[in-house]
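See below for the structure under consideration.
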Amino acid sequence: MTVYIDPPVWPGGGRLWSHLVSDVSYDELHTFAAAIGCPRRAFDRDHYDVPSARYPAAVAAGAVEVGSKELVQRLTDAGLRRPKRRGPSRGT
């Protein structure tokens, strides 16, 4: 079981956020996130948005600190990446 977290550098709602992912399964990710007190509503397609205040708890619980690029690469390599869908093209 390995869960990864990137640094809390993503701004939103007056706070900084991290992303929490698993390289095994979404079930593993949901279980880990619940254990550190992340609500299910913080799950976004393939990751949890974690506020900077919860970052130390995630690391203390075993999340491996990695950079954002490595986090996305591990998620992609595991086949768990779900990129945002783009809307229909508006060509003329």
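As shown in the structure tokens, the chain order sets the letters A, B, ...; within each chain, residues go from 1, and ligands are also counted from 1 in the order they appear.
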
request  = Report as JSON, numbers by chain: the residues of chain A with a DSSP assignment of helix (DSSP H, G or I), based on the backbone of this structure.
outcome  = {"A": [26, 27, 28, 29, 30, 31, 32, 33, 34, 35, 40, 41, 42, 52, 53, 54, 55, 56, 57, 58, 59, 60, 68, 69, 70, 71, 72, 73, 74, 75, 76, 77]}

Could the residues in this selection be written to a file with C-alpha atoms, as a PDB file, in the first residue's frame?
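Result file follows (result30.pdb):
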```pdb
ATOM      1  CA  TYR A  26      -9.366   4.008  -5.241  1.00  0.00           C
ATOM      2  CA  ASP A  27     -10.514   1.796  -2.363  1.00  0.00           C
ATOM      3  CA  GLU A  28      -7.092   2.131  -0.746  1.00  0.00           C
ATOM      4  CA  LEU A  29      -7.224   5.888  -1.293  1.00  0.00           C
ATOM      5  CA  HIS A  30     -10.709   6.235   0.226  1.00  0.00           C
ATOM      6  CA  THR A  31      -9.691   4.161   3.258  1.00  0.00           C
ATOM      7  CA  PHE A  32      -6.543   6.210   3.847  1.00  0.00           C
ATOM      8  CA  ALA A  33      -8.341   9.524   3.375  1.00  0.00           C
ATOM      9  CA  ALA A  34     -11.074   8.543   5.832  1.00  0.00           C
ATOM     10  CA  ALA A  35      -8.443   7.535   8.393  1.00  0.00           C
ATOM     11  CA  ARG A  40     -15.513  11.927   0.752  1.00  0.00           C
ATOM     12  CA  ARG A  41     -16.595  15.217  -0.850  1.00  0.00           C
ATOM     13  CA  ALA A  42     -12.859  16.091  -1.080  1.00  0.00           C
ATOM     14  CA  SER A  52      -2.395  22.310   4.152  1.00  0.00           C
ATOM     15  CA  ALA A  53      -3.526  21.968   7.782  1.00  0.00           C
ATOM     16  CA  ARG A  54      -4.124  18.232   7.221  1.00  0.00           C
ATOM     17  CA  TYR A  55      -0.820  17.664   5.355  1.00  0.00           C
ATOM     18  CA  PRO A  56       1.206  16.738   8.497  1.00  0.00           C
ATOM     19  CA  ALA A  57      -1.426  14.156   9.494  1.00  0.00           C
ATOM     20  CA  ALA A  58      -1.270  12.561   6.046  1.00  0.00           C
ATOM     21  CA  VAL A  59       2.524  12.283   6.200  1.00  0.00           C
ATOM     22  CA  ALA A  60       2.430  10.991   9.781  1.00  0.00           C
ATOM     23  CA  SER A  68       3.476  17.206  -8.202  1.00  0.00           C
ATOM     24  CA  LYS A  69       4.941  15.845 -11.446  1.00  0.00           C
ATOM     25  CA  GLU A  70       5.970  12.581  -9.791  1.00  0.00           C
ATOM     26  CA  LEU A  71       2.531  12.279  -8.185  1.00  0.00           C
ATOM     27  CA  VAL A  72       0.807  12.536 -11.573  1.00  0.00           C
ATOM     28  CA  GLN A  73       3.305  10.096 -13.119  1.00  0.00           C
ATOM     29  CA  ARG A  74       2.704   7.484 -10.410  1.00  0.00           C
ATOM     30  CA  LEU A  75      -1.051   7.880 -10.800  1.00  0.00           C
ATOM     31  CA  THR A  76      -0.765   7.525 -14.579  1.00  0.00           C
ATOM     32  CA  ASP A  77       1.597   4.524 -14.367  1.00  0.00           C
TER      33      ASP A  77
END
```

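Every residue of chain A with a DSSP assignment of strand (DSSP E or B), taken from the backbone, is listed as Val3, Tyr4, Ile5, Trp10, Pro11, Gly12, Arg15, Leu16, Trp17, Ser18, His19, Leu20, Val21, Ser22, Phe43, Asp44, His47, Tyr48, Asp49, Val50, Pro51, Val64 and Glu65 of chain A.
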
task = Skip range 2-17 of chain A itself and residues of its chain fewer than 6 positions away, then list as a PyMOL selection string all residues within 6 Å of it, counting only C-alpha atoms.
result = chain A and resi 50-52+63-68

Expected file: the selected residues, N, CA and C atoms, as a PDB file, in the first residue's frame:
```pdb
ATOM      1  N   VAL A  50      -6.438  17.950  -0.263  1.00  0.00           N
ATOM      2  CA  VAL A  50      -6.126  17.948   1.168  1.00  0.00           C
ATOM      3  C   VAL A  50      -5.642  19.343   1.562  1.00  0.00           C
ATOM      4  N   PRO A  51      -6.311  19.997   2.512  1.00  0.00           N
ATOM      5  CA  PRO A  51      -5.858  21.322   2.942  1.00  0.00           C
ATOM      6  C   PRO A  51      -4.509  21.233   3.649  1.00  0.00           C
ATOM      7  N   SER A  52      -3.745  22.309   3.574  1.00  0.00           N
ATOM      8  CA  SER A  52      -2.395  22.310   4.152  1.00  0.00           C
ATOM      9  C   SER A  52      -2.403  21.956   5.640  1.00  0.00           C
ATOM     10  N   ALA A  63       1.653   8.708   4.227  1.00  0.00           N
ATOM     11  CA  ALA A  63       1.685   9.208   2.845  1.00  0.00           C
ATOM     12  C   ALA A  63       3.113   9.603   2.495  1.00  0.00           C
ATOM     13  N   VAL A  64       3.539   9.235   1.306  1.00  0.00           N
ATOM     14  CA  VAL A  64       4.895   9.524   0.844  1.00  0.00           C
ATOM     15  C   VAL A  64       4.888  10.877   0.145  1.00  0.00           C
ATOM     16  N   GLU A  65       5.775  11.764   0.590  1.00  0.00           N
ATOM     17  CA  GLU A  65       5.872  13.095   0.008  1.00  0.00           C
ATOM     18  C   GLU A  65       6.616  13.026  -1.323  1.00  0.00           C
ATOM     19  N   VAL A  66       5.968  13.531  -2.379  1.00  0.00           N
ATOM     20  CA  VAL A  66       6.576  13.587  -3.703  1.00  0.00           C
ATOM     21  C   VAL A  66       6.193  14.920  -4.346  1.00  0.00           C
ATOM     22  N   GLY A  67       6.918  15.287  -5.390  1.00  0.00           N
ATOM     23  CA  GLY A  67       6.574  16.479  -6.145  1.00  0.00           C
ATOM     24  C   GLY A  67       5.321  16.233  -6.983  1.00  0.00           C
ATOM     25  N   SER A  68       4.727  17.300  -7.445  1.00  0.00           N
ATOM     26  CA  SER A  68       3.476  17.206  -8.202  1.00  0.00           C
ATOM     27  C   SER A  68       3.626  16.399  -9.492  1.00  0.00           C
TER      28      SER A  68
END
```

Length of the CA of Asp44 in chain A to CA of Val24 in chain A vector [Å] =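 Going from CA of Asp44 in chain A over to CA of Val24 in chain A, I get 16.8 Å.
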
ask   = CA of Asp46 in chain A to CA of Ser18 in chain A: how many Å, to one decimal?
value =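 It comes out at 13.1 Å.
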